[in-house]
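Text of the file upload15.cif, holding mmCIF, C-alpha atoms:
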data_entry
#
loop_
_atom_site.label_atom_id
_atom_site.label_comp_id
_atom_site.auth_asym_id
_atom_site.auth_seq_id
_atom_site.Cartn_x
_atom_site.Cartn_y
_atom_site.Cartn_z
CA MET A 1 -58.77 105.35 220.70
CA SER A 2 -59.33 108.56 218.75
CA CYS A 3 -63.10 109.02 218.93
CA GLY A 4 -63.77 106.88 222.02
CA ALA A 5 -65.99 104.35 220.25
CA LYS A 6 -65.80 100.74 221.46
CA LEU A 7 -64.05 98.36 219.08
CA TYR A 8 -65.14 94.78 218.57
CA GLU A 9 -62.91 92.35 216.70
CA ASN A 10 -63.49 88.66 216.06
CA ILE A 11 -60.49 86.54 217.02
CA THR A 12 -59.38 84.20 214.22
CA ILE A 13 -56.25 82.25 213.43
CA TYR A 14 -55.27 85.14 211.10
CA ASN A 15 -55.33 87.89 213.71
CA LEU A 16 -54.60 85.94 216.91
CA PHE A 17 -51.01 87.15 217.13
CA LYS A 18 -51.51 90.58 215.56
CA LYS A 19 -51.68 93.76 217.58
CA PRO A 20 -55.32 94.73 218.17
CA ASN A 21 -56.83 97.58 216.16
CA ARG A 22 -56.85 100.80 218.17
CA LEU A 23 -58.70 102.97 215.66
CA CYS A 24 -62.15 102.44 214.21
CA ASP A 25 -62.47 102.41 210.41
CA ARG A 26 -63.83 105.97 210.35
CA CYS A 27 -60.97 107.38 212.44
CA LYS A 28 -58.39 105.44 210.46
CA GLU A 29 -59.78 106.99 207.28
CA ASN A 30 -59.72 110.49 208.84
CA TRP A 31 -56.08 110.09 209.85
CA ASP A 32 -55.14 108.62 206.48
CA ASN A 33 -56.64 111.70 204.81
CA ILE A 34 -54.17 114.05 206.51
CA LYS A 35 -51.05 112.06 205.78
CA LEU A 36 -48.48 113.86 203.64
CA ASP A 37 -49.11 113.27 199.98
CA ILE A 38 -45.87 111.67 198.85
CA LYS A 39 -46.89 112.08 195.21
CA ALA A 40 -47.09 115.87 195.52
CA ARG A 41 -44.17 118.03 194.38
CA ARG A 42 -42.11 118.51 197.52
CA CYS A 43 -38.64 119.49 198.62
CA SER A 44 -36.64 116.26 198.86
CA ARG A 45 -35.01 117.45 202.09
CA CYS A 46 -37.68 119.25 204.18
CA LEU A 47 -40.85 117.94 202.45
CA LYS A 48 -42.22 121.44 201.89
CA HIS A 49 -44.93 121.49 199.22
CA LEU A 50 -43.52 123.34 196.21
CA ASN A 51 -45.62 125.44 193.87
CA GLN A 52 -45.20 125.03 190.13
CA ASP A 53 -43.24 128.30 189.92
CA GLU A 54 -40.77 127.26 192.65
CA ALA A 55 -37.67 125.79 191.03
CA TYR A 56 -36.16 124.97 194.45
CA CYS A 57 -37.06 125.20 198.13
CA LEU A 58 -36.71 128.78 199.37
CA ASP A 59 -36.88 127.63 203.00
CA CYS A 60 -33.85 125.38 202.61
CA LYS A 61 -32.02 128.07 200.64
CA PHE A 62 -32.59 130.57 203.48
CA LEU A 63 -31.49 128.06 206.14
CA SER A 64 -28.40 126.99 204.17
CA ALA A 65 -27.10 130.58 204.32
CA HIS A 66 -26.96 130.34 208.12
CA PHE A 67 -26.67 126.65 209.08
CA ASN A 68 -25.37 123.27 208.05
CA LEU A 69 -28.61 121.70 206.85
CA MET A 70 -30.20 118.58 208.24
CA GLU A 71 -29.77 115.60 205.97
CA GLN A 72 -33.45 114.66 205.84
CA LEU A 73 -36.85 115.36 207.41
CA TYR A 74 -39.13 112.39 208.02
CA CYS A 75 -42.79 113.08 208.64
CA GLN A 76 -46.10 111.29 208.03
CA PHE A 77 -48.78 113.90 208.75
CA GLN A 78 -49.75 117.40 207.67
CA TYR A 79 -50.07 119.97 210.45
CA ASP A 80 -53.68 120.60 209.55
CA GLY A 81 -57.23 119.61 210.47
CA LEU A 82 -57.42 116.75 212.94
CA MET A 83 -53.68 116.75 213.69
CA LYS A 84 -53.59 120.49 214.35
CA GLU A 85 -56.57 120.22 216.70
CA MET A 86 -55.08 117.26 218.55
CA ILE A 87 -51.65 118.85 219.06
CA HIS A 88 -53.34 121.99 220.38
CA GLN A 89 -55.37 119.92 222.84
CA TYR A 90 -52.31 117.89 223.80
CA LYS A 91 -49.84 120.72 224.31
CA PHE A 92 -51.92 123.73 225.29
CA LEU A 93 -54.94 122.13 226.96
CA LYS A 94 -52.55 119.67 228.65
CA ASP A 95 -54.41 116.52 227.64
CA TYR A 96 -51.54 114.20 228.54
CA TYR A 97 -53.19 110.95 227.47
CA LEU A 98 -53.16 112.01 223.84
CA CYS A 99 -49.50 110.97 223.89
CA GLU A 100 -50.81 107.40 223.59
CA LEU A 101 -52.71 108.23 220.40
CA LEU A 102 -49.74 110.05 218.89
CA ALA A 103 -47.47 107.13 219.79
CA HIS A 104 -49.87 104.79 218.00
CA LEU A 105 -49.99 106.98 214.87
CA ILE A 106 -46.31 107.75 214.32
CA GLU A 107 -43.60 105.47 212.99
CA ILE A 108 -39.99 106.30 213.80
CA PRO A 109 -37.97 106.01 210.55
CA GLN A 110 -35.81 102.94 210.14
CA THR A 111 -32.64 104.80 209.28
CA SER A 112 -29.13 104.91 210.70
CA TYR A 113 -28.43 107.01 213.80
CA ASP A 114 -26.48 106.71 217.03
CA TYR A 115 -28.76 108.74 219.29
CA ILE A 116 -32.42 109.75 219.27
CA VAL A 117 -32.64 113.23 220.78
CA PRO A 118 -35.95 114.99 221.59
CA ILE A 119 -36.14 118.74 221.04
CA PRO A 120 -36.71 120.17 224.54
CA SER A 121 -39.19 122.79 225.63
CA SER A 122 -38.22 125.60 227.96
CA PRO A 123 -38.25 124.63 231.67
CA ALA A 124 -41.09 127.13 232.25
CA HIS A 125 -43.29 125.46 229.61
CA ASP A 126 -42.63 121.96 230.94
CA LEU A 127 -43.38 123.13 234.46
CA SER A 128 -46.64 124.75 233.38
CA ARG A 129 -47.67 121.75 231.27
CA THR A 130 -46.32 119.19 233.81
CA PHE A 131 -44.86 117.06 231.00
CA ASN A 132 -42.66 117.34 227.93
CA PRO A 133 -44.81 116.63 224.86
CA VAL A 134 -42.12 115.01 222.69
CA GLU A 135 -40.61 112.89 225.46
CA ALA A 136 -44.06 111.68 226.55
CA VAL A 137 -44.81 110.34 223.05
CA LEU A 138 -41.43 108.61 222.79
CA LYS A 139 -41.95 106.98 226.18
CA ALA A 140 -45.45 105.84 225.19
CA LYS A 141 -43.95 104.41 221.99
CA GLY A 142 -41.27 102.58 223.97
CA ILE A 143 -38.46 104.45 222.18
CA ARG A 144 -35.17 104.90 223.98
CA PHE A 145 -33.84 108.45 223.75
CA ASP A 146 -31.05 110.62 225.15
CA LYS A 147 -31.68 114.06 226.66
CA ILE A 148 -28.64 115.73 225.14
CA LEU A 149 -30.19 119.17 224.69
CA LYS A 150 -31.65 121.69 227.10
CA MET A 151 -33.45 124.93 226.28
CA SER A 152 -33.17 128.15 228.23
CA ASN A 153 -36.29 130.10 229.13
CA ARG A 154 -37.23 132.63 226.46
CA PRO A 155 -40.27 134.68 225.38
CA LYS A 156 -42.68 133.20 222.85
CA GLN A 157 -41.37 133.38 219.28
CA SER A 158 -44.65 133.09 217.36
CA HIS A 159 -45.02 136.87 216.89
CA LEU A 160 -41.48 137.28 215.51
CA THR A 161 -40.53 137.20 211.84
CA LYS A 162 -38.07 134.60 210.59
CA LYS A 163 -35.24 137.18 210.51
CA GLU A 164 -36.09 138.41 214.01
CA ARG A 165 -36.03 134.86 215.33
CA LEU A 166 -32.70 134.27 213.61
CA ALA A 167 -31.21 137.34 215.29
CA ASP A 168 -32.33 136.10 218.71
CA GLU A 169 -29.81 134.22 220.85
CA ASN A 170 -29.63 130.45 220.29
CA PRO A 171 -31.63 129.00 223.23
CA PHE A 172 -30.15 125.49 223.14
CA ILE A 173 -27.49 124.12 225.45
CA ILE A 174 -25.61 120.82 225.10
CA ASP A 175 -25.92 118.95 228.40
CA THR A 176 -24.27 115.54 228.13
CA GLU A 177 -21.10 113.62 228.83
CA LEU A 178 -21.69 111.44 225.76
CA ASP A 179 -19.02 111.55 223.07
CA LEU A 180 -20.82 113.05 220.06
CA ASN A 181 -17.77 113.13 217.80
CA GLY A 182 -18.62 111.57 214.43
CA LYS A 183 -22.10 110.50 215.56
CA GLU A 184 -25.37 110.57 213.62
CA ILE A 185 -28.31 112.12 215.46
CA LEU A 186 -32.05 111.79 214.92
CA LEU A 187 -33.74 114.89 216.33
CA VAL A 188 -37.43 114.48 217.20
CA ASP A 189 -39.90 117.38 217.39
CA ASP A 190 -43.67 117.70 217.37
CA ILE A 191 -44.06 120.20 214.50
CA TYR A 192 -41.72 121.27 211.69
CA THR A 193 -42.56 124.74 210.35
CA THR A 194 -39.75 127.11 209.33
CA GLY A 195 -36.93 124.78 210.40
CA LEU A 196 -35.22 127.43 212.52
CA THR A 197 -35.69 125.62 215.83
CA ILE A 198 -34.35 122.34 214.48
CA HIS A 199 -31.34 123.96 212.81
CA ARG A 200 -30.44 125.97 215.90
CA ALA A 201 -30.33 122.70 217.81
CA GLY A 202 -28.28 121.20 214.99
CA CYS A 203 -25.86 124.13 215.17
CA LYS A 204 -25.05 123.26 218.79
CA LEU A 205 -24.62 119.59 217.90
CA TYR A 206 -22.25 120.39 215.04
CA ALA A 207 -20.14 122.34 217.53
CA LYS A 208 -19.60 118.94 219.19
CA ASN A 209 -18.42 117.48 215.86
CA ILE A 210 -21.39 115.27 215.04
CA ARG A 211 -21.25 113.80 211.53
CA LYS A 212 -24.82 114.70 210.54
CA PHE A 213 -28.36 114.92 211.82
CA LYS A 214 -31.76 113.88 210.55
CA VAL A 215 -35.15 114.97 211.84
CA PHE A 216 -38.42 113.24 212.61
CA ALA A 217 -41.50 115.40 213.22
CA PHE A 218 -45.01 114.33 214.17
CA ALA A 219 -46.46 116.87 211.72
CA ARG A 220 -45.29 119.24 209.02
#
Please re-express this file's structure in structure tokens.
Amino acid sequence: MSCGAKLYENITIYNLFKKPNRLCDRCKENWDNIKLDIKARRCSRCLKHLNQDEAYCLDCKFLSAHFNLMEQLYCQFQYDGLMKEMIHQYKFLKDYYLCELLAHLIEIPQTSYDYIVPIPSSPAHDLSRTFNPVEAVLKAKGIRFDKILKMSNRPKQSHLTKKERLADENPFIIDTELDLNGKEILLVDDIYTTGLTIHRAGCKLYAKNIRKFKVFAFAR
């Protein structure tokens, strides 16, 4: 599924009712090599790798001065190497069928939540790409979700500093008739970097009196 090689598997009584393998041994090893190292010293909330001289997570400290923090980030893969290349091909080269591979690789956390909510892209990006990258993966995975958030069109943020992005207007809009009061939300995004995007979405949700939100990202 990843490299395109044909897979051959002998059918036995032990694997008759198991899902077929979709990755060859070599690809499975490559993907396993870029999984987050759970034994490394990381922030317990956002999973950022902490250096020995970091007594606490500076990213979470910065965010906590401006937002109510997410309760927990769940993520399996580093945004590096094979994953970085694949997300680039998927999102920017518009290789839609990679949503199937991502859906095969990820595992939605088995935790409590009332609604699964994908982080939206701007309408202009979705129109240009012809699909929403997060929603496509959730659909391929067979995960039910609710489109509670919308994003207004805005210029690219990649060239801005963290403080400049913070000063920019919050691009998210709540667009739902669902009662969010007291609810737990699982936000889903493709990449978690600084946390600003996620927490701006969370800010809008807290304005609707949600109880808390957690986050699942394909890569960190």
Could you please determine the separation between CA of Cys99 (chain A) and CA of Pro120 (chain A) in Å, to one decimal place?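 CA of Pro120 (chain A) lies 15.8 Å from CA of Cys99 (chain A).
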What's the 12 Å shell around Tyr90 (chain A), counting all atoms listed in the file, without same-chain residues fewer than 6 positions away, as a ChimeraX atom specification? /A:83-84,96-102,129-134,136-137,190
Output for the residues just chosen: C-alpha atoms as a short mmCIF file (atom, residue, chain, number, x, y, z; two decimals), in the coordinates of the input:
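Dumped everything to again_37.cif:
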data_model
loop_
_atom_site.label_atom_id
_atom_site.label_comp_id
_atom_site.auth_asym_id
_atom_site.auth_seq_id
_atom_site.Cartn_x
_atom_site.Cartn_y
_atom_site.Cartn_z
CA MET A 83 -53.68 116.75 213.69
CA LYS A 84 -53.59 120.49 214.35
CA TYR A 96 -51.54 114.20 228.54
CA TYR A 97 -53.19 110.95 227.47
CA LEU A 98 -53.16 112.01 223.84
CA CYS A 99 -49.50 110.97 223.89
CA GLU A 100 -50.81 107.40 223.59
CA LEU A 101 -52.71 108.23 220.40
CA LEU A 102 -49.74 110.05 218.89
CA ARG A 129 -47.67 121.75 231.27
CA THR A 130 -46.32 119.19 233.81
CA PHE A 131 -44.86 117.06 231.00
CA ASN A 132 -42.66 117.34 227.93
CA PRO A 133 -44.81 116.63 224.86
CA VAL A 134 -42.12 115.01 222.69
CA ALA A 136 -44.06 111.68 226.55
CA VAL A 137 -44.81 110.34 223.05
CA ASP A 190 -43.67 117.70 217.37
#
Of the residues A:Tyr74, A:Phe172, A:Tyr79, A:Tyr56, which is the one nearest to Leu196 (chain A), using all atoms listed in the file?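 Using all atoms listed in the file, the shortest distance to Leu196 (chain A) belongs to A:Phe172.
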Shortest contact to Arg154 (chain A), candidates A:Arg220, A:Lys208, A:His125, A:Lys48, atoms counted all atoms listed in the file, goes to A:His125
Rounded to one decimal place, report the CA of Leu73 (chain A)-CA of Ala207 (chain A) distance in Å.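 Interatomic distance here is 20.7 Å.
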Which value, in Å to one decimal, gives the distance between CA of Ala201 (chain A) and CA of Asp179 (chain A)?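 Computing it gives 16.7 Å between the two atoms.
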Mind checking which residues fall within 9 Å of Phe145 (chain A), counting all atoms listed in the file, ignoring those fewer than 5 positions away in the same chain, and posting them as a list of chain:residue names? A:Tyr115, A:Ile116, A:Val117, A:Pro118, A:Glu135, A:Leu138, A:Lys139
My list of candidates is A:Cys203, A:Arg22, A:Asp114, A:Glu169. Which is closest to Ser64 (chain A) when distances are computed with all atoms listed in the file?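 Closest residue, counting all atoms listed in the file: A:Cys203.
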To verify the selection step, state as a ChimeraX atom specification which residues the PyMOL selection byres ((chain A and resi 107-110) around 9) yields on this input. /A:74-76,103-106,111-112,143,216
For Ile148 (chain A), which residue among A:Phe213, A:Thr176, A:Gly81, A:Lys91 is the nearest when counting all atoms listed in the file?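 Smallest separation from Ile148 (chain A) among the options: A:Thr176.
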Convert the output of the PyMOL selection byres ((chain A and resi 199) around 8) on the shown file into explicit residues, formatted as a ChimeraX atom specification. /A:63,67-70,195-198,200-203
Hits from the PyMOL selection byres ((chain A and resi 35) around 10), listed as an MDAnalysis selection string: chainID A and resid 30:34 36:38 75:80 83 219:220
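Candidate residues A:Lys94, A:Arg41, A:His88, A:Lys204 were compared for distance to Leu180 (chain A), and the nearest is A:Lys204, using all atoms listed in the file.
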Of the listed residues A:Asp59, A:Asp175, A:Glu85, A:Asp25, that which approaches Ser152 (chain A) most closely, counting all atoms listed in the file: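 Result for the nearest residue to Ser152 (chain A): A:Asp175.
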Please produce region 101-125 of chain A, completed to N, CA and C atoms, as an mmCIF file, in the coordinates of the input.
data_model
loop_
_atom_site.group_PDB
_atom_site.id
_atom_site.type_symbol
_atom_site.label_atom_id
_atom_site.label_comp_id
_atom_site.auth_asym_id
_atom_site.auth_seq_id
_atom_site.Cartn_x
_atom_site.Cartn_y
_atom_site.Cartn_z
ATOM 1 N N LEU A 101 -52.200 108.223 221.772
ATOM 2 C CA LEU A 101 -52.710 108.230 220.400
ATOM 3 C C LEU A 101 -51.606 108.620 219.420
ATOM 4 N N LEU A 102 -50.841 109.646 219.758
ATOM 5 C CA LEU A 102 -49.740 110.050 218.890
ATOM 6 C C LEU A 102 -48.714 108.924 218.742
ATOM 7 N N ALA A 103 -48.430 108.243 219.841
ATOM 8 C CA ALA A 103 -47.470 107.130 219.790
ATOM 9 C C ALA A 103 -47.976 106.024 218.875
ATOM 10 N N HIS A 104 -49.287 105.819 218.873
ATOM 11 C CA HIS A 104 -49.870 104.790 218.000
ATOM 12 C C HIS A 104 -49.786 105.207 216.525
ATOM 13 N N LEU A 105 -49.936 106.495 216.249
ATOM 14 C CA LEU A 105 -49.990 106.980 214.870
ATOM 15 C C LEU A 105 -48.629 107.070 214.194
ATOM 16 N N ILE A 106 -47.607 107.467 214.944
ATOM 17 C CA ILE A 106 -46.310 107.750 214.320
ATOM 18 C C ILE A 106 -45.475 106.479 214.153
ATOM 19 N N GLU A 107 -44.564 106.543 213.204
ATOM 20 C CA GLU A 107 -43.600 105.470 212.990
ATOM 21 C C GLU A 107 -42.223 106.086 212.873
ATOM 22 N N ILE A 108 -41.359 105.800 213.837
ATOM 23 C CA ILE A 108 -39.990 106.300 213.800
ATOM 24 C C ILE A 108 -39.278 105.712 212.570
ATOM 25 N N PRO A 109 -38.608 106.526 211.765
ATOM 26 C CA PRO A 109 -37.970 106.010 210.550
ATOM 27 C C PRO A 109 -36.883 104.988 210.846
ATOM 28 N N GLN A 110 -36.850 103.975 210.022
ATOM 29 C CA GLN A 110 -35.810 102.940 210.140
ATOM 30 C C GLN A 110 -34.593 103.387 209.344
ATOM 31 N N THR A 111 -33.840 104.271 209.942
ATOM 32 C CA THR A 111 -32.640 104.800 209.280
ATOM 33 C C THR A 111 -31.498 104.772 210.283
ATOM 34 N N SER A 112 -30.296 105.027 209.827
ATOM 35 C CA SER A 112 -29.130 104.910 210.700
ATOM 36 C C SER A 112 -28.963 106.152 211.573
ATOM 37 N N TYR A 113 -28.757 105.936 212.875
ATOM 38 C CA TYR A 113 -28.430 107.010 213.800
ATOM 39 C C TYR A 113 -27.874 106.395 215.077
ATOM 40 N N ASP A 114 -27.076 107.183 215.777
ATOM 41 C CA ASP A 114 -26.480 106.710 217.030
ATOM 42 C C ASP A 114 -27.321 107.081 218.232
ATOM 43 N N TYR A 115 -27.949 108.273 218.172
ATOM 44 C CA TYR A 115 -28.760 108.740 219.290
ATOM 45 C C TYR A 115 -30.056 109.354 218.790
ATOM 46 N N ILE A 116 -31.148 109.057 219.483
ATOM 47 C CA ILE A 116 -32.420 109.750 219.270
ATOM 48 C C ILE A 116 -32.506 110.846 220.321
ATOM 49 N N VAL A 117 -32.688 112.082 219.871
ATOM 50 C CA VAL A 117 -32.640 113.230 220.780
ATOM 51 C C VAL A 117 -33.920 114.060 220.632
ATOM 52 N N PRO A 118 -34.756 114.137 221.673
ATOM 53 C CA PRO A 118 -35.950 114.990 221.590
ATOM 54 C C PRO A 118 -35.582 116.471 221.682
ATOM 55 N N ILE A 119 -36.302 117.287 220.907
ATOM 56 C CA ILE A 119 -36.140 118.740 221.040
ATOM 57 C C ILE A 119 -36.833 119.161 222.334
ATOM 58 N N PRO A 120 -36.099 119.811 223.245
ATOM 59 C CA PRO A 120 -36.710 120.170 224.540
ATOM 60 C C PRO A 120 -37.574 121.415 224.450
ATOM 61 N N SER A 121 -38.462 121.535 225.415
ATOM 62 C CA SER A 121 -39.190 122.790 225.630
ATOM 63 C C SER A 121 -38.433 123.578 226.686
ATOM 64 N N SER A 122 -38.824 124.824 226.883
ATOM 65 C CA SER A 122 -38.220 125.600 227.960
ATOM 66 C C SER A 122 -38.674 125.018 229.299
ATOM 67 N N PRO A 123 -37.854 125.127 230.344
ATOM 68 C CA PRO A 123 -38.250 124.630 231.670
ATOM 69 C C PRO A 123 -39.585 125.210 232.142
ATOM 70 N N ALA A 124 -39.838 126.485 231.825
ATOM 71 C CA ALA A 124 -41.090 127.130 232.250
ATOM 72 C C ALA A 124 -42.297 126.465 231.601
ATOM 73 N N HIS A 125 -42.184 126.123 230.314
ATOM 74 C CA HIS A 125 -43.290 125.460 229.610
ATOM 75 C C HIS A 125 -43.535 124.067 230.159
#
